[in-house]
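**Q** I'm passing along my_file02.pdb; it holds PDB, C-alpha atoms and all ligand atoms.
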```pdb
MODEL        1
ATOM      1  CA  MET A 163      47.858 -56.788-185.060
ATOM      2  CA  PRO A 164      44.217 -57.664-185.919
ATOM      3  CA  LYS A 165      42.691 -55.748-183.043
ATOM      4  CA  HIS A 166      39.255 -57.337-183.362
ATOM      5  CA  ILE A 167      40.652 -60.783-182.476
ATOM      6  CA  VAL A 168      42.714 -59.407-179.590
ATOM      7  CA  SER A 169      39.593 -57.663-178.245
ATOM      8  CA  GLY A 170      37.578 -60.845-178.619
ATOM      9  CA  LEU A 171      40.150 -62.895-176.688
ATOM     10  CA  LYS A 172      40.369 -60.305-173.934
ATOM     11  CA  TYR A 173      36.573 -60.262-173.767
ATOM     12  CA  LEU A 174      36.461 -64.054-173.316
ATOM     13  CA  ALA A 175      39.207 -63.891-170.683
ATOM     14  CA  THR A 176      37.323 -61.127-168.865
ATOM     15  CA  ILE A 177      34.184 -63.254-168.691
ATOM     16  CA  GLU A 178      36.143 -66.257-167.376
ATOM     17  CA  LEU A 179      37.924 -64.199-164.704
ATOM     18  CA  LYS A 180      34.622 -62.662-163.622
ATOM     19  CA  LYS A 181      33.199 -66.164-163.170
ATOM     20  CA  LYS A 182      36.135 -66.865-160.849
ATOM     21  CA  GLY A 183      35.119 -63.892-158.722
ATOM     22  CA  LEU A 184      37.849 -61.387-159.601
ATOM     23  CA  THR A 185      37.009 -57.706-159.217
ATOM     24  CA  GLN A 186      36.974 -55.446-162.262
ATOM     25  CA  GLN A 187      40.251 -53.862-161.173
ATOM     26  CA  LYS A 188      41.939 -57.244-160.721
ATOM     27  CA  ILE A 189      40.733 -58.354-164.157
ATOM     28  CA  ALA A 190      42.056 -55.119-165.654
ATOM     29  CA  ASP A 191      45.451 -55.635-163.997
ATOM     30  CA  GLU A 192      45.612 -59.264-165.063
ATOM     31  CA  LEU A 193      44.796 -58.550-168.712
ATOM     32  CA  GLU A 194      46.645 -55.218-168.899
ATOM     33  CA  ILE A 195      43.562 -53.254-169.947
ATOM     34  CA  ASP A 196      41.667 -50.280-168.466
ATOM     35  CA  ARG A 197      39.083 -50.944-165.791
ATOM     36  CA  SER A 198      36.551 -49.077-167.955
ATOM     37  CA  THR A 199      37.192 -51.558-170.765
ATOM     38  CA  VAL A 200      36.478 -54.412-168.357
ATOM     39  CA  SER A 201      33.251 -52.675-167.391
ATOM     40  CA  HIS A 202      32.302 -52.304-171.073
ATOM     41  CA  TYR A 203      32.993 -55.984-171.716
ATOM     42  CA  LEU A 204      30.960 -57.115-168.716
ATOM     43  CA  ASN A 205      28.069 -54.917-169.801
ATOM     44  CA  GLY A 206      28.303 -55.983-173.450
ATOM     45  CA  ARG A 207      29.353 -52.550-174.719
ATOM     46  CA  ASN A 208      32.089 -51.720-177.271
ATOM     47  CA  ILE A 209      32.468 -55.343-178.352
ATOM     48  CA  SER A 210      30.963 -56.882-181.480
ATOM     49  CA  PHE A 211      29.535 -60.375-181.871
ATOM     50  CA  HIS A 212      31.965 -60.864-184.738
ATOM     51  CA  CYS A 213      34.967 -60.316-182.432
ATOM     52  CA  ILE A 214      33.539 -62.752-179.904
ATOM     53  CA  ASN A 215      32.739 -65.366-182.558
ATOM     54  CA  VAL A 216      36.254 -65.228-184.003
ATOM     55  CA  ALA A 217      37.803 -65.546-180.545
ATOM     56  CA  GLU A 218      35.525 -68.469-179.670
ATOM     57  CA  THR A 219      36.525 -70.173-182.908
ATOM     58  CA  MET A 220      40.160 -69.803-181.885
ATOM     59  CA  THR A 221      39.563 -71.490-178.527
ATOM     60  CA  GLN A 222      38.157 -74.501-180.397
ATOM     61  CA  LEU A 223      41.288 -74.977-182.517
ATOM     62  CA  SER A 224      43.904 -77.545-181.526
ATOM     63  CA  SER A 225      45.941 -76.498-178.488
ATOM     64  CA  LYS A 226      48.956 -75.960-180.740
ATOM     65  CA  ASP A 227      47.125 -73.752-183.236
ATOM     66  CA  PHE A 228      45.400 -71.759-180.494
ATOM     67  CA  LEU A 229      48.743 -71.128-178.785
ATOM     68  CA  ILE A 230      50.715 -70.220-181.918
ATOM     69  CA  LEU A 231      47.984 -67.950-183.256
ATOM     70  CA  THR A 232      47.558 -66.198-179.907
ATOM     71  CA  HIS A 233      51.311 -65.701-179.616
ATOM     72  CA  SER A 234      51.481 -64.265-183.125
ATOM     73  CA  LEU A 235      48.668 -61.825-182.286
ATOM     74  CA  PHE A 236      49.944 -60.540-178.950
ATOM     75  CA  LYS A 237      53.692 -60.892-179.613
ATOM     76  CA  ASN A 238      54.154 -61.040-175.859
ATOM     77  CA  ALA A 239      54.856 -64.270-173.998
ATOM     78  CA  GLU A 240      53.367 -63.217-170.682
ATOM     79  CA  ILE A 241      49.962 -62.105-171.966
ATOM     80  CA  THR A 242      49.843 -65.082-174.351
ATOM     81  CA  GLN A 243      50.329 -67.445-171.411
ATOM     82  CA  LYS A 244      47.578 -65.688-169.469
ATOM     83  CA  ILE A 245      45.065 -65.770-172.332
ATOM     84  CA  ILE A 246      45.721 -69.453-173.033
ATOM     85  CA  SER A 247      45.561 -70.447-169.362
ATOM     86  CA  ILE A 248      42.327 -68.544-168.801
ATOM     87  CA  CYS A 249      40.491 -69.447-172.025
ATOM     88  CA  GLN A 250      41.509 -73.082-172.433
ATOM     89  CA  SER A 251      39.597 -75.469-170.216
ATOM     90  CA  LYS A 252      41.544 -78.668-171.002
ATOM     91  CA  VAL A 253      44.006 -80.095-168.451
ATOM     92  CA  PHE A 254      47.215 -81.910-169.383
ATOM     93  CA  LYS A 255      49.747 -84.107-167.633
ATOM     94  CA  ALA A 256      53.291 -84.033-168.982
ATOM     95  CA  GLU A 257      55.959 -86.598-168.163
ATOM     96  CA  VAL A 258      59.691 -86.653-168.915
ATOM     97  CA  LEU A 259      61.259 -90.089-169.365
ATOM     98  CA  ASP A 260      64.680 -91.140-168.095
ATOM     99  CA  THR A 261      65.979 -91.059-171.684
ATOM    100  CA  CYS A 262      66.135 -87.233-171.471
ATOM    101  CA  ILE A 263      69.685 -86.046-172.189
ATOM    102  CA  GLY A 264      69.143 -82.535-170.815
ATOM    103  CA  CYS A 265      69.738 -80.746-174.142
ATOM    104  CA  GLY A 266      67.282 -77.953-173.234
ATOM    105  CA  LEU A 267      65.610 -77.798-176.654
ATOM    106  CA  CYS A 268      62.165 -78.295-175.116
ATOM    107  CA  VAL A 269      62.764 -75.371-172.750
ATOM    108  CA  ASP A 270      63.208 -73.077-175.744
ATOM    109  CA  LEU A 271      60.256 -74.590-177.639
ATOM    110  CA  CYS A 272      57.719 -74.157-174.830
ATOM    111  CA  LEU A 273      55.880 -70.851-175.288
ATOM    112  CA  MET A 274      54.095 -71.426-171.977
ATOM    113  CA  GLN A 275      57.430 -71.473-170.105
ATOM    114  CA  ALA A 276      56.346 -74.703-168.447
ATOM    115  CA  ILE A 277      59.722 -76.454-168.720
ATOM    116  CA  ASN A 278      63.026 -75.977-166.941
ATOM    117  CA  LEU A 279      66.138 -78.048-166.542
ATOM    118  CA  GLU A 280      66.809 -79.583-163.139
ATOM    119  CA  TYR A 281      69.940 -81.639-162.585
ATOM    120  CA  LEU A 282      70.434 -81.903-166.368
ATOM    121  CA  LYS A 283      66.953 -83.282-166.947
ATOM    122  CA  ALA A 284      63.818 -81.538-168.201
ATOM    123  CA  ASN A 285      61.129 -80.901-165.641
ATOM    124  CA  ILE A 286      57.612 -79.930-166.784
ATOM    125  CA  ASN A 287      55.084 -78.013-164.732
ATOM    126  CA  SER A 288      51.849 -79.618-165.904
ATOM    127  CA  ILE A 289      49.770 -76.782-164.435
ATOM    128  CA  LYS A 290      51.283 -74.390-166.986
ATOM    129  CA  CYS A 291      51.151 -76.891-169.875
ATOM    130  CA  CYS A 292      48.493 -76.196-172.538
ATOM    131  CA  GLY A 293      49.075 -79.439-174.447
ATOM    132  CA  CYS A 294      50.484 -77.882-177.612
ATOM    133  CA  LEU A 295      52.900 -80.840-178.043
ATOM    134  CA  LEU A 296      55.677 -78.603-179.426
ATOM    135  CA  CYS A 297      58.095 -80.101-176.887
ATOM    136  CA  GLN A 298      57.003 -83.678-177.559
ATOM    137  CA  GLU A 299      57.379 -83.220-181.328
ATOM    138  CA  GLY A 300      60.733 -81.473-180.993
ATOM    139  CA  CYS A 301      62.466 -83.697-178.446
ATOM    140  CA  PRO A 302      65.335 -85.523-180.209
ATOM    141  CA  THR A 303      65.112 -88.525-177.855
ATOM    142  CA  ASN A 304      61.285 -88.829-177.690
ATOM    143  CA  SER A 305      61.488 -88.351-173.947
ATOM    144  CA  ILE A 306      58.314 -86.298-173.445
ATOM    145  CA  LYS A 307      54.790 -87.645-173.150
ATOM    146  CA  VAL A 308      51.878 -85.195-172.867
ATOM    147  CA  LEU A 309      48.368 -86.488-172.253
ATOM    148  CA  GLU A 310      45.032 -84.771-171.728
ATOM    149  CA  VAL A 311      43.518 -85.764-168.384
TER
HETATM  150  S1  LIG A 401      64.268 -81.861-175.645
HETATM  151 FE1  LIG A 401      64.056 -83.953-174.868
HETATM  152  S2  LIG A 401      66.139 -84.618-174.442
HETATM  153 FE2  LIG A 401      66.202 -82.387-174.639
HETATM  154  S3  LIG A 401      65.941 -81.651-172.501
HETATM  155 FE3  LIG A 401      63.907 -81.737-173.419
HETATM  156  S4  LIG A 401      63.120 -83.778-172.837
HETATM  157 FE4  LIG A 401      65.328 -83.813-172.544
HETATM  158  S1  LIG A 402      53.013 -79.463-174.506
HETATM  159 FE1  LIG A 402      55.160 -79.032-174.043
HETATM  160  S2  LIG A 402      55.647 -77.180-175.198
HETATM  161 FE2  LIG A 402      53.413 -77.311-175.066
HETATM  162  S3  LIG A 402      52.857 -76.147-173.234
HETATM  163 FE3  LIG A 402      53.066 -78.287-172.595
HETATM  164  S4  LIG A 402      55.168 -78.433-171.853
HETATM  165 FE4  LIG A 402      55.055 -76.555-173.106
ENDMDL
END
```
Write the structure described by the file as structure tokens, please.

**A**
Amino acid sequence: MPKHIVSGLKYLATIELKKKGLTQQKIADELEIDRSTVSHYLNGRNISFHCINVAETMTQLSSKDFLILTHSLFKNAEITQKIISICQSKVFKAEVLDTCIGCGLCVDLCLMQAINLEYLKANINSIKCCGCLLCQEGCPTNSIKVLEV
């Protein structure tokens, strides 16, 4: 795994969580890193501008590219979801139309685990949705609409 990009993303996430008022220990727990690493990040130590620049470039990619690249770097769904949720500022609203046949394909496609099946119909938690459109593009009945709000 290209460690410099992973470090850059964790640095950006650390800064965002600090802005939300989390303690260093809570940030460390959330991002699965040492508290001393959080301290280094917050004090600008042990992190290069290059790492930060690459990570910032990633956050400016399309939602789909940011998600897929992050997932390929971390190879862990849970930490990927955290990094995307923390570092992406856009908000999306997802809707499932009545034409949904409950095939479940979108559930498997969603790396953010924002979709489940309820009464044989897809249900999307918009709070978890990062707007990657993988579900919308993959749905065989065009039953998903995702919009940035
Ligand atoms: S992929 Fe489309 S049809 Fe299948 S469950 Fe999801 S929304 Fe419904
Ligand atoms: S757009 Fe679809 S696949 Fe992507 S995060 Fe939102 S619900 Fe999941």

**Q** Might you pull out every residue within 12 Å of Phe211 in chain A, with all atoms listed in the file counted and same-chain residues fewer than 5 positions away left off, and present them as a ChimeraX atom specification?

**A** /A:166-167,169-170,173-174,203,206,216-218

**Q** Convert the output of the PyMOL selection byres (((not hetatm)) within 7 of (chain A and resi 402)) on the shown file into explicit residues, formatted as an NGL selection string.

**A** :A and (256 or 268 or 271-277 or 286 or 288 or 290-298 or 308)

**Q** Can you tell me which residues sit at most 10 Å away from ligand LIG 401 (chain A), counting all atoms listed in the file, written as a ChimeraX atom specification?

**A** /A:257-272,277-280,282-286,296-307

**Q** As an exercise, work out the distance from CA of Gln222 in chain A to CA of Ser201 in chain A in Å and give it to one decimal place.

**A**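 CA of Ser201 in chain A lies 25.9 Å from CA of Gln222 in chain A.
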
**Q** As lines of an AutoDock Vina configuration file, please report the centre and edge lengths, rounded to one decimal in Å, of the axis-aligned box that holds all listed atoms of range 213-224 of chain A with 8 Å of padding on each of the six sides.

**A**
```
center_x = 38.3
center_y = -68.9
center_z = -181.3
size_x = 27.2
size_y = 33.2
size_z = 21.5
```

**Q** Measuring atom to atom with only C-alpha atoms, identify which of A:Lys226, A:His233, A:Lys172, A:Arg197 is nearest to Ile248 in chain A.

**A**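 Comparing A:Lys226, A:His233, A:Lys172, A:Arg197 against Ile248 in chain A, the winner is A:Lys172.
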
**Q** So that I can check the surroundings of Ile189 in chain A, please list as a list of chain:residue names every protein, DNA and RNA residue that reaches within 10 Å of it, counting all atoms listed in the file and ignoring chain neighbours fewer than 3 positions away.

**A** A:Lys172, A:Ala175, A:Thr176, A:Ile177, A:Glu178, A:Leu179, A:Lys180, A:Gly183, A:Leu184, A:Thr185, A:Gln186, A:Glu192, A:Leu193, A:Glu194, A:Ile195, A:Asp196, A:Arg197, A:Val200, A:Ser201

**Q** Keeping only C-alpha atoms, write those residues as a PDB file, in the frame of the given file.

**A**
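This went into part_1.pdb:
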```pdb
ATOM      1  CA  LYS A 172      40.369 -60.305-173.934  1.00  0.00           C
ATOM      2  CA  ALA A 175      39.207 -63.891-170.683  1.00  0.00           C
ATOM      3  CA  THR A 176      37.323 -61.127-168.865  1.00  0.00           C
ATOM      4  CA  ILE A 177      34.184 -63.254-168.691  1.00  0.00           C
ATOM      5  CA  GLU A 178      36.143 -66.257-167.376  1.00  0.00           C
ATOM      6  CA  LEU A 179      37.924 -64.199-164.704  1.00  0.00           C
ATOM      7  CA  LYS A 180      34.622 -62.662-163.622  1.00  0.00           C
ATOM      8  CA  GLY A 183      35.119 -63.892-158.722  1.00  0.00           C
ATOM      9  CA  LEU A 184      37.849 -61.387-159.601  1.00  0.00           C
ATOM     10  CA  THR A 185      37.009 -57.706-159.217  1.00  0.00           C
ATOM     11  CA  GLN A 186      36.974 -55.446-162.262  1.00  0.00           C
ATOM     12  CA  GLU A 192      45.612 -59.264-165.063  1.00  0.00           C
ATOM     13  CA  LEU A 193      44.796 -58.550-168.712  1.00  0.00           C
ATOM     14  CA  GLU A 194      46.645 -55.218-168.899  1.00  0.00           C
ATOM     15  CA  ILE A 195      43.562 -53.254-169.947  1.00  0.00           C
ATOM     16  CA  ASP A 196      41.667 -50.280-168.466  1.00  0.00           C
ATOM     17  CA  ARG A 197      39.083 -50.944-165.791  1.00  0.00           C
ATOM     18  CA  VAL A 200      36.478 -54.412-168.357  1.00  0.00           C
ATOM     19  CA  SER A 201      33.251 -52.675-167.391  1.00  0.00           C
TER      20      SER A 201
END
```

**Q** For the file shown, report as a list in words the outcome of the PyMOL selection byres (((chain A and resi 231) around 12) and not hetatm) at residue level.

**A**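 On the file shown, the PyMOL selection byres (((chain A and resi 231) around 12) and not hetatm) covers Met163, Pro164, Ile167, Val168, Leu171, Ala217, Thr219, Met220, Thr221, Leu223, Ser224, Ser225, Lys226, Asp227, Phe228, Leu229, Ile230, Thr232, His233, Ser234, Leu235, Phe236, Lys237, Asn238, Thr242, Ile245, Ile246, Leu273 and Cys294 of chain A.
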
**Q** Of the residues A:Asp191, A:Tyr281, A:Asn208, A:Cys213, which is the one nearest to Lys244 in chain A, using all atoms listed in the file?

**A**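 Result for the nearest residue to Lys244 in chain A: A:Asp191.
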
**Q** Give me, please, the distance in Å between CA of Ser198 in chain A and CA of Ser251 in chain A, quoted to one decimal.

**A**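 Computed distance, CA of Ser198 in chain A to CA of Ser251 in chain A, equals 26.7 Å.
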
**Q** Find, counting only C-alpha atoms, the residue in A:Ala190, A:Leu204, A:Thr199, A:Ile289 that gets nearest to Ser247 in chain A.

**A**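 Among the listed residues, A:Ile289 lies closest to Ser247 in chain A.
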